[in-house]
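Dumped data_0.txt below, it's compact mmCIF, C-alpha atoms:
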# COMPACT_ATOMS: atom_id res chain seq x y z
CA MET A 1 0.00 0.00 0.00
CA THR A 2 1.43 3.39 -0.95
CA ASP A 3 1.50 6.30 1.48
CA LYS A 4 -1.24 8.00 -0.49
CA GLU A 5 -3.48 4.92 -0.35
CA LEU A 6 -2.79 4.55 3.35
CA ILE A 7 -3.85 8.14 4.04
CA THR A 8 -6.96 7.82 1.87
CA HIS A 9 -8.03 4.61 3.61
CA ILE A 10 -7.46 6.01 7.09
CA GLN A 11 -9.46 9.11 6.17
CA SER A 12 -12.33 7.07 4.78
CA GLY A 13 -12.64 5.08 8.03
CA GLY A 14 -14.62 1.88 8.41
CA ARG A 15 -13.07 -1.49 7.62
CA ALA A 16 -10.59 -0.02 5.11
CA GLY A 17 -9.43 2.45 7.73
CA GLU A 18 -9.01 -0.26 10.36
CA LYS A 19 -7.01 -2.42 7.95
CA ALA A 20 -4.81 0.52 6.98
CA VAL A 21 -3.99 1.31 10.63
CA GLN A 22 -3.22 -2.35 11.35
CA GLY A 23 -1.06 -2.46 8.21
CA LEU A 24 0.81 0.65 9.31
CA PHE A 25 1.38 -0.89 12.72
CA ASP A 26 2.61 -4.19 11.26
CA ARG A 27 4.86 -2.57 8.69
CA HIS A 28 6.73 -0.47 11.23
CA LYS A 29 6.57 -2.54 14.41
CA GLY A 30 10.31 -3.17 14.08
CA MET A 31 10.64 0.26 15.70
CA VAL A 32 9.79 -1.42 19.02
CA ALA A 33 12.87 -3.67 18.85
CA LYS A 34 14.91 -0.71 17.71
CA ALA A 35 13.86 1.44 20.67
CA ARG A 36 14.72 -1.36 23.07
CA PHE A 37 18.16 -1.60 21.53
CA GLU A 38 18.88 2.08 20.97
CA HIS A 39 17.14 3.73 23.88
CA LYS A 40 17.23 0.90 26.42
CA LEU A 41 13.48 0.99 26.93
CA THR A 42 11.66 -2.11 28.15
CA GLU A 43 9.51 -3.89 25.57
CA GLU A 44 6.39 -2.61 27.28
CA GLU A 45 7.62 0.99 27.26
CA ALA A 46 8.71 0.77 23.63
CA LEU A 47 5.41 -0.84 22.60
CA ASP A 48 3.44 1.84 24.47
CA ALA A 49 5.43 4.54 22.71
CA PHE A 50 4.98 2.91 19.31
CA THR A 51 1.24 2.29 19.75
CA ASP A 52 0.78 5.89 20.91
CA ALA A 53 2.69 7.05 17.83
CA VAL A 54 0.48 5.04 15.45
CA LEU A 55 -2.67 6.36 17.17
CA ALA A 56 -1.35 9.92 17.02
CA LEU A 57 -0.60 9.57 13.30
CA ARG A 58 -4.08 8.13 12.67
CA LYS A 59 -5.62 11.09 14.49
CA GLN A 60 -3.56 13.61 12.55
CA VAL A 61 -4.54 12.00 9.25
CA ILE A 62 -8.24 12.01 10.18
CA GLU A 63 -8.12 15.61 11.40
CA GLY A 64 -6.31 16.66 8.23
CA ALA A 65 -3.14 17.73 10.04
CA PHE A 66 -1.02 15.33 7.98
CA HIS A 67 -1.51 15.11 4.22
CA GLY A 68 1.59 13.18 3.26
CA GLU A 69 4.01 16.09 2.78
CA SER A 70 6.75 13.85 4.16
CA LYS A 71 7.00 10.06 3.99
CA VAL A 72 4.66 8.29 6.42
CA SER A 73 7.60 6.28 7.82
CA THR A 74 9.66 9.42 8.51
CA TYR A 75 6.71 11.19 10.07
CA LEU A 76 5.81 8.18 12.19
CA TYR A 77 9.40 7.86 13.36
CA ALA A 78 9.45 11.51 14.45
CA ILE A 79 6.30 10.99 16.51
CA PHE A 80 7.62 7.70 17.87
CA TYR A 81 10.90 9.30 18.88
CA ARG A 82 8.99 11.97 20.77
CA LYS A 83 6.93 9.32 22.55
CA CYS A 84 10.15 7.53 23.55
CA VAL A 85 11.47 10.79 25.02
CA ASP A 86 8.16 11.08 26.91
CA GLN A 87 8.80 7.63 28.37
CA LEU A 88 12.25 8.73 29.45
CA ARG A 89 10.86 11.97 30.86
CA LYS A 90 8.36 9.96 32.92
CA LYS A 91 11.22 8.02 34.45
CA ALA A 92 13.21 11.20 35.11
CA THR A 93 10.22 12.87 36.75
CA TYR A 94 9.92 10.14 39.33
CA LEU A 95 13.55 9.90 40.34
CA PRO A 96 14.09 9.09 44.01
CA GLU A 97 14.71 12.24 46.00
CA SER A 98 17.31 10.75 48.36
CA GLY A 99 20.00 13.22 47.38
CA ALA A 100 17.72 16.20 47.24
CA THR A 101 19.90 18.36 49.43
CA SER A 102 22.69 18.93 46.92
CA PRO A 103 22.23 21.46 44.13
CA GLU A 104 22.86 18.69 41.57
CA ALA A 105 19.94 16.74 42.90
CA THR A 106 17.51 19.59 43.31
CA ASP A 107 17.24 20.58 39.68
CA SER A 108 13.68 19.29 39.72
CA HIS A 109 11.79 22.11 41.36
CA LEU A 110 9.41 21.99 38.49
CA GLN A 111 6.31 19.95 39.06
CA PRO A 112 5.72 16.80 37.04
CA ASP A 113 3.72 17.35 33.86
CA GLN A 114 -0.02 17.49 33.98
CA SER A 115 -0.32 13.74 33.59
CA LEU A 116 -2.55 13.51 36.65
CA GLN A 117 -5.02 15.89 35.06
CA VAL A 118 -4.94 13.90 31.83
CA LYS A 119 -5.51 10.65 33.74
CA GLU A 120 -8.47 12.15 35.59
CA GLU A 121 -10.04 13.35 32.35
CA PHE A 122 -9.51 9.92 30.81
CA ALA A 123 -11.16 8.19 33.80
CA ARG A 124 -14.08 10.63 33.73
CA LEU A 125 -14.80 10.04 30.03
CA MET A 126 -14.38 6.27 30.32
CA ALA A 127 -16.81 6.26 33.27
CA PHE A 128 -19.51 7.83 31.09
CA MET A 129 -19.08 5.05 28.53
CA GLU A 130 -19.09 2.35 31.19
CA GLN A 131 -22.62 3.36 32.14
CA LEU A 132 -23.83 2.31 28.70
CA GLY A 133 -24.50 -1.30 27.78
CA GLU A 134 -21.98 -3.17 25.67
CA GLN A 135 -24.07 -3.04 22.50
CA CYS A 136 -24.56 0.70 22.81
CA ARG A 137 -20.85 1.28 23.37
CA SER A 138 -19.98 -0.82 20.34
CA ILE A 139 -22.48 0.87 18.04
CA LEU A 140 -21.28 4.34 19.01
CA MET A 141 -17.63 3.30 18.78
CA TYR A 142 -17.95 1.74 15.32
CA ARG A 143 -20.00 4.60 13.98
CA TYR A 144 -18.15 7.57 15.44
CA TYR A 145 -14.63 6.45 16.31
CA TYR A 146 -13.93 3.89 13.58
CA GLY A 147 -16.07 5.83 11.11
CA TYR A 148 -18.24 2.98 9.75
CA GLU A 149 -20.96 4.43 7.52
CA ASP A 150 -22.65 1.18 6.53
CA MET A 151 -25.24 0.43 9.22
CA GLU A 152 -25.60 -3.14 7.96
CA GLU A 153 -21.95 -3.74 8.74
CA ILE A 154 -22.37 -2.10 12.15
CA ALA A 155 -25.36 -4.38 12.79
CA ARG A 156 -23.21 -7.42 11.93
CA LEU A 157 -20.36 -6.27 14.18
CA THR A 158 -22.56 -5.42 17.15
CA GLY A 159 -25.24 -8.10 17.03
CA ALA A 160 -28.10 -5.71 16.19
CA LYS A 161 -30.99 -7.33 14.24
CA ASN A 162 -30.51 -5.36 11.06
CA ALA A 163 -29.32 -2.04 9.64
CA ASN A 164 -32.52 -0.23 10.63
CA THR A 165 -32.23 -1.36 14.22
CA ALA A 166 -28.56 -0.41 14.33
CA GLY A 167 -29.42 2.99 12.87
CA SER A 168 -32.11 3.62 15.48
CA LEU A 169 -29.89 2.36 18.25
CA ARG A 170 -27.18 4.75 17.20
CA TYR A 171 -29.43 7.73 17.95
CA ARG A 172 -30.95 6.20 21.05
CA CYS A 173 -27.53 5.32 22.50
CA MET A 174 -26.20 8.78 21.76
CA GLN A 175 -29.17 10.32 23.53
CA GLN A 176 -28.61 8.04 26.49
CA LEU A 177 -24.92 8.99 26.66
CA MET A 178 -25.80 12.68 26.51
CA LYS A 179 -28.25 12.21 29.37
CA ILE A 180 -25.55 10.49 31.43
CA ILE A 181 -23.22 13.41 30.77
CA GLN A 182 -25.84 16.04 31.55
CA GLY A 183 -26.71 14.26 34.79
CA ALA A 184 -23.11 14.02 35.94
CA MET B 1 -29.10 -2.29 28.42
CA ASP B 2 -27.43 -5.17 26.58
CA ASN B 3 -30.42 -6.01 24.47
CA LEU B 4 -31.60 -2.69 23.27
CA ASP B 5 -33.30 -4.11 20.19
CA GLU B 6 -36.31 -5.06 22.29
CA GLN B 7 -36.49 -1.77 24.10
CA LEU B 8 -36.82 0.26 20.94
CA ASN B 9 -40.20 1.44 19.88
CA ASP B 10 -41.10 2.27 16.31
CA THR B 11 -41.92 5.85 17.06
CA PHE B 12 -38.45 6.75 18.24
CA ASN B 13 -37.54 10.14 16.85
CA SER B 14 -33.91 10.65 15.88
CA GLY B 15 -34.48 14.21 14.70
CA ASP B 16 -32.77 15.93 17.62
CA ILE B 17 -29.43 14.20 17.12
CA THR B 18 -29.60 14.65 13.35
CA ARG B 19 -30.23 18.35 13.85
CA LEU B 20 -27.37 18.61 16.32
CA GLU B 21 -25.00 16.93 13.92
CA ALA B 22 -26.15 19.14 11.06
CA PHE B 23 -25.65 22.22 13.25
CA LEU B 24 -22.11 21.20 14.20
CA SER B 25 -21.13 20.38 10.63
CA GLY B 26 -22.49 23.73 9.43
CA ALA B 27 -25.07 22.03 7.21
CA LEU B 28 -28.01 24.13 8.44
CA PRO B 29 -29.06 27.41 6.79
CA ALA B 30 -27.37 30.48 8.31
CA PRO B 31 -30.54 31.99 9.86
CA GLU B 32 -31.32 28.68 11.59
CA ILE B 33 -27.77 28.47 12.94
CA ALA B 34 -28.05 32.02 14.27
CA ALA B 35 -31.36 31.21 15.96
CA LEU B 36 -30.00 28.03 17.51
CA ASN B 37 -26.95 29.88 18.81
CA ASN B 38 -29.34 31.90 20.94
CA ASP B 39 -31.23 28.89 22.23
CA PRO B 40 -29.70 27.98 25.61
CA ASP B 41 -31.37 24.54 25.75
CA PHE B 42 -30.04 23.66 22.33
CA MET B 43 -26.55 24.93 23.17
CA GLN B 44 -26.60 22.82 26.33
CA ALA B 45 -27.40 19.79 24.19
CA VAL B 46 -24.54 20.74 21.85
CA ALA B 47 -22.13 20.79 24.79
CA ALA B 48 -23.38 17.38 25.94
CA TYR B 49 -23.05 15.99 22.41
CA GLN B 50 -19.48 17.26 22.11
CA GLU B 51 -18.61 15.72 25.46
CA ALA B 52 -20.23 12.48 24.31
CA ARG B 53 -18.05 12.46 21.19
CA LYS B 54 -14.98 12.95 23.37
CA ALA B 55 -16.06 10.01 25.53
CA ILE B 56 -16.63 7.81 22.45
CA ASP B 57 -13.24 8.78 21.01
CA THR B 58 -11.54 7.99 24.30
CA TRP B 59 -13.25 4.62 24.47
CA GLY B 60 -12.53 3.86 20.82
CA GLU B 61 -8.90 4.85 21.08
CA GLU B 62 -8.47 2.54 24.05
CA ASP B 63 -10.13 -0.27 22.09
CA LEU B 64 -7.81 0.27 19.13
CA ARG B 65 -4.76 0.57 21.40
CA GLN B 66 -5.53 -2.79 23.00
CA SER B 67 -6.24 -4.40 19.66
CA LEU B 68 -2.91 -3.20 18.22
CA LYS B 69 -0.97 -4.24 21.29
CA ASN B 70 -2.62 -7.67 21.26
CA SER B 71 -1.69 -8.09 17.61
CA PHE B 72 1.95 -7.39 18.54
CA TYR B 73 1.98 -10.34 20.91
CA ALA B 74 -0.22 -12.60 18.75
CA ILE B 75 1.36 -15.91 17.86
CA PRO B 76 1.21 -16.58 14.11
CA GLU B 77 -1.09 -19.42 13.08
CA GLU B 78 0.62 -22.79 12.91
CA ALA B 79 1.45 -24.26 9.53
CA PRO B 80 0.02 -27.69 8.56
CA VAL B 81 1.80 -30.59 10.25
CA ARG B 82 4.62 -32.06 8.19
CA ASP B 83 8.34 -32.27 8.51
CA LEU B 84 9.16 -28.62 9.02
CA ARG B 85 12.61 -28.91 10.55
CA PRO B 86 14.48 -27.40 7.58
CA PHE B 87 11.83 -24.70 7.33
CA TRP B 88 12.05 -23.82 11.02
CA LEU B 89 15.81 -23.69 10.87
CA ALA B 90 15.70 -21.32 7.93
CA ALA B 91 12.96 -19.29 9.61
CA ALA B 92 14.98 -18.99 12.81
CA VAL B 93 18.05 -17.80 10.90
CA ALA B 94 15.94 -15.34 8.92
CA ALA B 95 14.26 -14.04 12.09
CA SER B 96 17.61 -13.52 13.81
CA LEU B 97 18.99 -11.72 10.76
CA THR B 98 15.88 -9.56 10.56
CA LEU B 99 16.25 -8.56 14.21
CA LEU B 100 19.89 -7.69 13.68
CA VAL B 101 19.08 -5.64 10.60
CA ILE B 102 16.28 -3.80 12.43
CA ALA B 103 18.51 -3.07 15.40
CA PHE B 104 21.39 -1.72 13.34
CA TRP B 105 19.44 -0.14 10.49
CA PRO B 106 19.93 3.61 10.71
CA SER B 107 16.83 5.57 11.68
CA PRO B 108 15.91 8.54 9.53
CA PRO B 109 17.85 11.63 10.72
CA MET B 110 15.80 14.13 12.69
CA SER B 111 15.91 17.83 11.99
CA SER B 112 16.73 20.34 14.76
CA GLU B 113 13.06 21.38 14.81
CA GLN B 114 11.89 17.78 15.21
CA LEU B 115 14.40 17.17 17.99
CA PHE B 116 13.41 20.37 19.74
CA ALA B 117 9.74 19.34 19.53
CA ALA B 118 10.58 15.92 20.94
CA TYR B 119 12.52 17.20 23.95
CA TYR B 120 10.94 20.53 24.76
CA GLU B 121 8.20 20.63 27.32
CA THR B 122 6.93 23.80 28.95
CA PRO B 123 7.99 23.52 32.60
CA HIS B 124 5.35 24.00 35.25
CA PRO B 125 6.36 26.21 38.16
CA GLY B 126 6.46 24.56 41.56
CA VAL B 127 5.90 26.12 44.97
CA ALA B 128 6.25 29.89 44.89
CA SER B 129 9.35 31.28 46.54
CA ARG B 130 9.33 33.49 49.61
CA GLY B 131 10.84 36.93 49.09
CA ASN B 132 9.68 40.30 50.25
CA GLY B 133 5.94 40.97 50.19
CA ALA B 134 5.84 42.93 46.95
CA SER B 135 7.94 40.36 45.09
CA ASP B 136 5.75 37.56 46.39
CA SER B 137 2.60 39.06 44.97
CA LEU B 138 4.32 39.95 41.69
CA LEU B 139 5.58 36.38 41.40
CA SER B 140 2.09 35.08 42.02
CA VAL B 141 0.70 37.31 39.24
CA ALA B 142 3.49 36.28 36.86
CA ILE B 143 3.02 32.59 37.56
CA THR B 144 -0.73 32.80 37.09
CA ALA B 145 -0.25 34.41 33.68
CA TYR B 146 2.41 31.81 32.83
CA GLN B 147 0.19 28.90 33.83
CA GLU B 148 -2.60 30.32 31.70
CA GLU B 149 -0.08 30.47 28.84
CA ASN B 150 -0.33 34.25 28.68
CA PHE B 151 3.42 34.38 28.16
CA ASP B 152 3.41 37.93 26.76
CA VAL B 153 1.65 39.15 29.90
CA ALA B 154 4.06 37.29 32.21
CA ILE B 155 7.25 38.65 30.58
CA PRO B 156 7.30 42.17 32.19
CA ASP B 157 6.53 40.72 35.61
CA PHE B 158 9.33 38.17 35.41
CA GLN B 159 11.64 40.91 34.09
CA ALA B 160 10.81 43.03 37.14
CA LEU B 161 11.58 40.09 39.44
CA VAL B 162 14.92 39.51 37.68
CA ALA B 163 15.77 43.18 38.18
CA ASP B 164 14.81 43.06 41.88
CA SER B 165 18.05 42.37 43.78
CA GLY B 166 16.05 41.48 46.90
CA PHE B 167 14.13 38.67 45.22
CA ALA B 168 15.03 35.38 46.86
CA GLN B 169 15.05 33.13 43.77
CA PRO B 170 16.45 34.88 40.74
CA GLY B 171 16.98 31.53 38.98
CA LEU B 172 13.26 30.79 39.09
CA ALA B 173 12.46 34.21 37.61
CA ARG B 174 15.15 33.89 34.92
CA LEU B 175 14.12 30.38 33.91
CA HIS B 176 10.46 31.26 33.53
CA LEU B 177 11.23 34.55 31.83
CA ALA B 178 13.34 32.61 29.32
CA ILE B 179 10.56 30.09 28.73
CA CYS B 180 8.11 32.94 28.11
CA LEU B 181 10.58 34.38 25.58
CA VAL B 182 10.96 31.03 23.82
CA GLU B 183 7.19 30.56 23.72
CA THR B 184 6.76 33.98 22.14
CA GLY B 185 9.45 33.45 19.51
CA LYS B 186 12.23 35.49 21.15
CA SER B 187 14.74 32.69 21.58
CA SER B 188 17.85 34.90 21.17
CA GLN B 189 16.79 36.93 24.20
CA ALA B 190 16.02 33.71 26.07
CA ILE B 191 19.60 32.54 25.58
CA SER B 192 21.11 35.59 27.25
CA VAL B 193 18.67 35.26 30.17
CA LEU B 194 19.43 31.56 30.68
CA GLU B 195 23.18 32.10 30.51
CA LYS B 196 22.95 34.37 33.57
CA VAL B 197 21.63 31.65 35.88
CA THR B 198 24.59 30.94 38.14
CA GLU B 199 25.99 27.53 39.05
CA THR B 200 25.00 27.92 42.71
CA ASP B 201 21.37 28.55 41.83
CA ALA B 202 18.95 25.68 42.48
CA TYR B 203 17.56 26.20 38.98
CA TYR B 204 20.97 25.93 37.32
CA TRP B 205 20.45 22.55 35.62
CA ASP B 206 16.95 23.43 34.53
CA ALA B 207 18.39 26.57 32.97
CA ARG B 208 21.25 24.67 31.28
CA TRP B 209 18.87 22.08 29.82
CA TYR B 210 16.58 24.74 28.40
CA LEU B 211 19.59 26.69 27.19
CA ALA B 212 20.73 23.65 25.19
CA LEU B 213 17.24 23.24 23.72
CA THR B 214 17.09 26.93 22.83
CA TRP B 215 20.40 26.65 20.98
CA LEU B 216 18.91 23.65 19.17
CA LEU B 217 15.85 25.69 18.27
CA GLN B 218 18.19 28.29 16.82
CA GLY B 219 19.88 25.58 14.76
CA ASP B 220 23.24 26.04 16.52
CA VAL B 221 24.10 22.38 17.11
CA PRO B 222 27.73 22.92 18.33
CA ALA B 223 26.53 25.37 21.02
CA CYS B 224 23.76 22.97 21.97
CA ARG B 225 26.28 20.10 22.30
CA GLU B 226 28.64 22.17 24.41
CA VAL B 227 25.91 22.89 26.96
CA LEU B 228 24.53 19.35 26.85
CA VAL B 229 27.72 17.50 27.77
CA PRO B 230 27.84 18.68 31.41
CA VAL B 231 24.06 18.32 31.70
CA SER B 232 24.36 14.68 30.59
CA LYS B 233 26.99 14.04 33.26
CA GLU B 234 25.73 16.03 36.20
CA SER B 235 22.01 16.62 36.08
CA GLN B 236 19.89 13.90 37.67
CA ARG B 237 16.69 15.17 36.13
CA PHE B 238 17.88 15.90 32.62
CA GLY B 239 20.98 13.70 32.39
CA LYS B 240 19.42 10.79 30.51
CA MET B 241 17.54 12.99 28.09
CA ALA B 242 20.72 14.98 27.44
CA THR B 243 22.57 11.72 26.72
CA TRP B 244 19.89 10.64 24.25
CA LEU B 245 19.91 14.01 22.57
CA LEU B 246 23.70 14.01 22.29
CA LYS B 247 23.53 10.53 20.74
CA GLU B 248 20.95 11.71 18.22
CA LEU B 249 22.99 14.80 17.37
CA SER B 250 26.13 12.73 16.84
CA ARG B 251 24.37 10.84 14.01
CA ARG B 252 24.04 14.01 11.92

Rewrite the structure from the file as structure tokens, please.
Amino acid sequence: MTDKELITHIQSGGRAGEKAVQGLFDRHKGMVAKARFEHKLTEEEALDAFTDAVLALRKQVIEGAFHGESKVSTYLYAIFYRKCVDQLRKKATYLPESGATSPEATDSHLQPDQSLQVKEEFARLMAFMEQLGEQCRSILMYRYYYGYEDMEEIARLTGAKNANTAGSLRYRCMQQLMKIIQGA
Amino acid sequence: MDNLDEQLNDTFNSGDITRLEAFLSGALPAPEIAALNNDPDFMQAVAAYQEARKAIDTWGEEDLRQSLKNSFYAIPEEAPVRDLRPFWLAAAVAASLTLLVIAFWPSPPMSSEQLFAAYYETPHPGVASRGNGASDSLLSVAITAYQEENFDVAIPDFQALVADSGFAQPGLARLHLAICLVETGKSSQAISVLEKVTETDAYYWDARWYLALTWLLQGDVPACREVLVPVSKESQRFGKMATWLLKELSRR
């Protein structure tokens, strides 16, 4: 798949989009081994960084922030590198403070990043979704996050009776989610 | 709620959501949009819808993240049973070679801008220092503006603190003044501010790290390297990142 095809498929969403993202992940997953070797990250840290990078690239393609001006592999590597530095920064932020009396050790007067705030926001949003039933969550996720347009396909993926039911459920589930949010 | 099919009735009206989505995509006629903008109930529903989309995206992203990570660990399907010893031997050799090639294959070089973007993070001020009363309140004002990313507003206040010889923590003021300057595109001025943070100051290594990054932003790699070397050896907080950055710069 060429870079242009990859971008087009990701933008179009649905099954083609899912396949394109998985293909992108598979094609470049060697970066995980590379980060372990080059940056001495654990496999879990390197995989987290790489997965985050693929998700960030997907988002940028969908939002139109990346149109393929540079090669996808180069662009992905730049994001991945940044995510690896974030992993390193996380480790540096939580250094033990045993030697905190010497000037060398006290160069961390700056508070850790706002990761706590991000985690709280994540938990809050996930909690809204958890109040929905599984079928509702799936219908909304396939329609809005994965970008499936074909309600028949959504019905097949989520166990709804048919396309009409899936279509109605989509609205009903969205209304229910909005009510949960308004009541929070 | 797992079997919603049965709970649906035929008269369910999906018009509200359709209208909301049309409003947000700008598909409604201009007069209708203007009218809806003045309808508080509708705007409340818009806010709830937008929050709902954020929740769905968060859930979906987590689903995709798990699916990708699972695929990384997935064991490939087994081939049909027959004498596969020669095949496995060849496969093992090929896999080892592939791993070696991946590990030693040079990564694409990163530009100074990309490296700056990877390493730079706006620092968040910690506990406010204790100086004289006037300096304390000025610091509080400056830090509030800084935290709200009103860097232009914070600059004169930090400058006043730097100029105040009675202020207890000049390093803190200099560091944050420099960050404000970087954030507002005045990196040359930031360099001269950061260079004045003395070695005995508690913010010295923070200042050196950001000085190196500011040189990088300016495209002056030798100056960046010169500052980075001691940071890599002596700073606990920035040492590892400085080592990585030096390694990356040495590949150019």

*asked:* Just the number, please: distance in Å from atom CA of B:Trp209 to atom CA of A:Glu45, one decimal.
replied: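 Separation between atom CA of B:Trp209 and atom CA of A:Glu45: 24.0 Å.
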
Shell of 10 Å around B:Ser192, all atoms listed in the file, local chain residues under 5 positions omitted, as a CSV table (one decimal) with C-alpha atoms, in the coordinates of the input:
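This went into result_38.csv:
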chain,number,residue,atom,x,y,z
B,174,ARG,CA,15.2,33.9,34.9
B,178,ALA,CA,13.3,32.6,29.3
B,187,SER,CA,14.7,32.7,21.6
B,197,VAL,CA,21.6,31.6,35.9
B,211,LEU,CA,19.6,26.7,27.2

*asked:* Restricting the calculation to all atoms listed in the file: of A:Val85, A:Met174, A:Leu116, A:Ala53, which residue gets closest to A:Met129?
replied: A:Met174

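For A:Ala155, the set of protein, DNA and RNA residues having any atom at most 12 Å away, when counting only C-alpha atoms and skipping those fewer than 3 positions along the same chain, is Gln135, Cys136, Ser138, Ile139, Leu140, Tyr142, Arg143, Tyr148, Glu149, Asp150, Met151, Glu152, Thr158, Gly159, Ala160, Lys161, Asn162, Ala163, Asn164, Thr165, Ala166, Gly167, Ser168, Leu169 and Arg170 of chain A; Asp5 of chain B.
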
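Relative to atom CA of B:Ile17, atom CA of B:Ala45 is found at 9.2 Å.
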
*Do a neighbour search on stretch 161-166 of chain B at 12 Å with all atoms listed in the file, toss out local chain neighbours closer than 2 positions, and write the hits as an MDAnalysis selection string.*
chainID B and resid 129:143 154:159 168:178 193:194 196:197

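For the residues B:Phe116, B:Tyr146, B:Tyr49, B:Phe151, ranking by smallest atom-to-atom distance to chain A using all atoms listed in the file places B:Tyr49 first.
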
_Using all atoms listed in the file, which protein or nucleic acid residues come within 9 Å of B:Ala118? Drop anything in the same chain fewer than 5 positions from it, and give the result as a list in words._
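Near B:Ala118, the qualifying residues are Ala78, Ile79, Tyr81, Arg82, Lys83, Cys84, Val85 and Asp86 of chain A; Glu113 of chain B.
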
*Kindly give the distance, in Å, that separates atom CA of A:Lys34 and atom CA of B:Arg65, rounded to a single decimal.*
20.1 Å

*Shortest interatomic distance to chain A - which of B:Asp206, B:Asp39, B:Glu183, B:Glu148, counting all atoms listed in the file*: B:Asp206

*If we count only C-alpha atoms, what is near stretch 238-244 of chain B at a cut-off of 9 Å, once residues fewer than 2 positions away on the same chain are taken out, given as a ChimeraX atom specification?*
/A:39,85,88-89,92,107-108 /B:119,205-206,209,212,228-236,246-249

Those residues you just picked out, can you put them in a file as a PDB file, in the coordinates of the input with C-alpha atoms?
ATOM      1  CA  HIS A  39      17.140   3.730  23.880  1.00  0.00           C
ATOM      2  CA  VAL A  85      11.470  10.790  25.020  1.00  0.00           C
ATOM      3  CA  LEU A  88      12.250   8.730  29.450  1.00  0.00           C
ATOM      4  CA  ARG A  89      10.860  11.970  30.860  1.00  0.00           C
ATOM      5  CA  ALA A  92      13.210  11.200  35.110  1.00  0.00           C
ATOM      6  CA  ASP A 107      17.240  20.580  39.680  1.00  0.00           C
ATOM      7  CA  SER A 108      13.680  19.290  39.720  1.00  0.00           C
TER       8      SER A 108
ATOM      9  CA  TYR B 119      12.520  17.200  23.950  1.00  0.00           C
ATOM     10  CA  TRP B 205      20.450  22.550  35.620  1.00  0.00           C
ATOM     11  CA  ASP B 206      16.950  23.430  34.530  1.00  0.00           C
ATOM     12  CA  TRP B 209      18.870  22.080  29.820  1.00  0.00           C
ATOM     13  CA  ALA B 212      20.730  23.650  25.190  1.00  0.00           C
ATOM     14  CA  LEU B 228      24.530  19.350  26.850  1.00  0.00           C
ATOM     15  CA  VAL B 229      27.720  17.500  27.770  1.00  0.00           C
ATOM     16  CA  PRO B 230      27.840  18.680  31.410  1.00  0.00           C
ATOM     17  CA  VAL B 231      24.060  18.320  31.700  1.00  0.00           C
ATOM     18  CA  SER B 232      24.360  14.680  30.590  1.00  0.00           C
ATOM     19  CA  LYS B 233      26.990  14.040  33.260  1.00  0.00           C
ATOM     20  CA  GLU B 234      25.730  16.030  36.200  1.00  0.00           C
ATOM     21  CA  SER B 235      22.010  16.620  36.080  1.00  0.00           C
ATOM     22  CA  GLN B 236      19.890  13.900  37.670  1.00  0.00           C
ATOM     23  CA  LEU B 246      23.700  14.010  22.290  1.00  0.00           C
ATOM     24  CA  LYS B 247      23.530  10.530  20.740  1.00  0.00           C
ATOM     25  CA  GLU B 248      20.950  11.710  18.220  1.00  0.00           C
ATOM     26  CA  LEU B 249      22.990  14.800  17.370  1.00  0.00           C
TER      27      LEU B 249
END

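Nearest residue to A:Tyr146, choosing from B:Ile56, B:Leu20, B:Met43, B:Ala202 and counting all atoms listed in the file: B:Ile56.
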
*Go through B:Ala207, B:Ile33, B:Ala190, B:Ala52 and flag the residue nearest chain A, using only C-alpha atoms for the distances.*
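For chain A, the nearest of the candidates is B:Ala52.
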
_Ranking B:Gln147, B:Thr58, B:Thr184, B:Thr198 by minimum distance to A:Ala127 and counting only C-alpha atoms, which one comes first?_
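Counting only C-alpha atoms, the residue closest to A:Ala127 is B:Thr58.
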
Incomplete stretch 170-177 of chain A filled out to N, CA and C atoms as a compact mmCIF listing (two decimals), keeping the file's coordinate frame:
# COMPACT_ATOMS: atom_id res chain seq x y z
N ARG A 170 -28.24 3.73 17.22
CA ARG A 170 -27.18 4.75 17.20
C ARG A 170 -27.68 6.04 17.84
N TYR A 171 -28.89 6.48 17.42
CA TYR A 171 -29.43 7.73 17.95
C TYR A 171 -29.81 7.57 19.42
N ARG A 172 -30.46 6.44 19.69
CA ARG A 172 -30.95 6.20 21.05
C ARG A 172 -29.75 6.15 22.03
N CYS A 173 -28.70 5.47 21.63
CA CYS A 173 -27.53 5.32 22.50
C CYS A 173 -26.85 6.67 22.71
N MET A 174 -26.82 7.45 21.64
CA MET A 174 -26.20 8.78 21.76
C MET A 174 -27.00 9.64 22.72
N GLN A 175 -28.32 9.55 22.61
CA GLN A 175 -29.17 10.32 23.53
C GLN A 175 -28.93 9.88 24.97
N GLN A 176 -28.82 8.58 25.14
CA GLN A 176 -28.61 8.04 26.49
C GLN A 176 -27.27 8.54 27.06
N LEU A 177 -26.25 8.53 26.21
CA LEU A 177 -24.92 8.99 26.66
C LEU A 177 -24.96 10.48 27.03
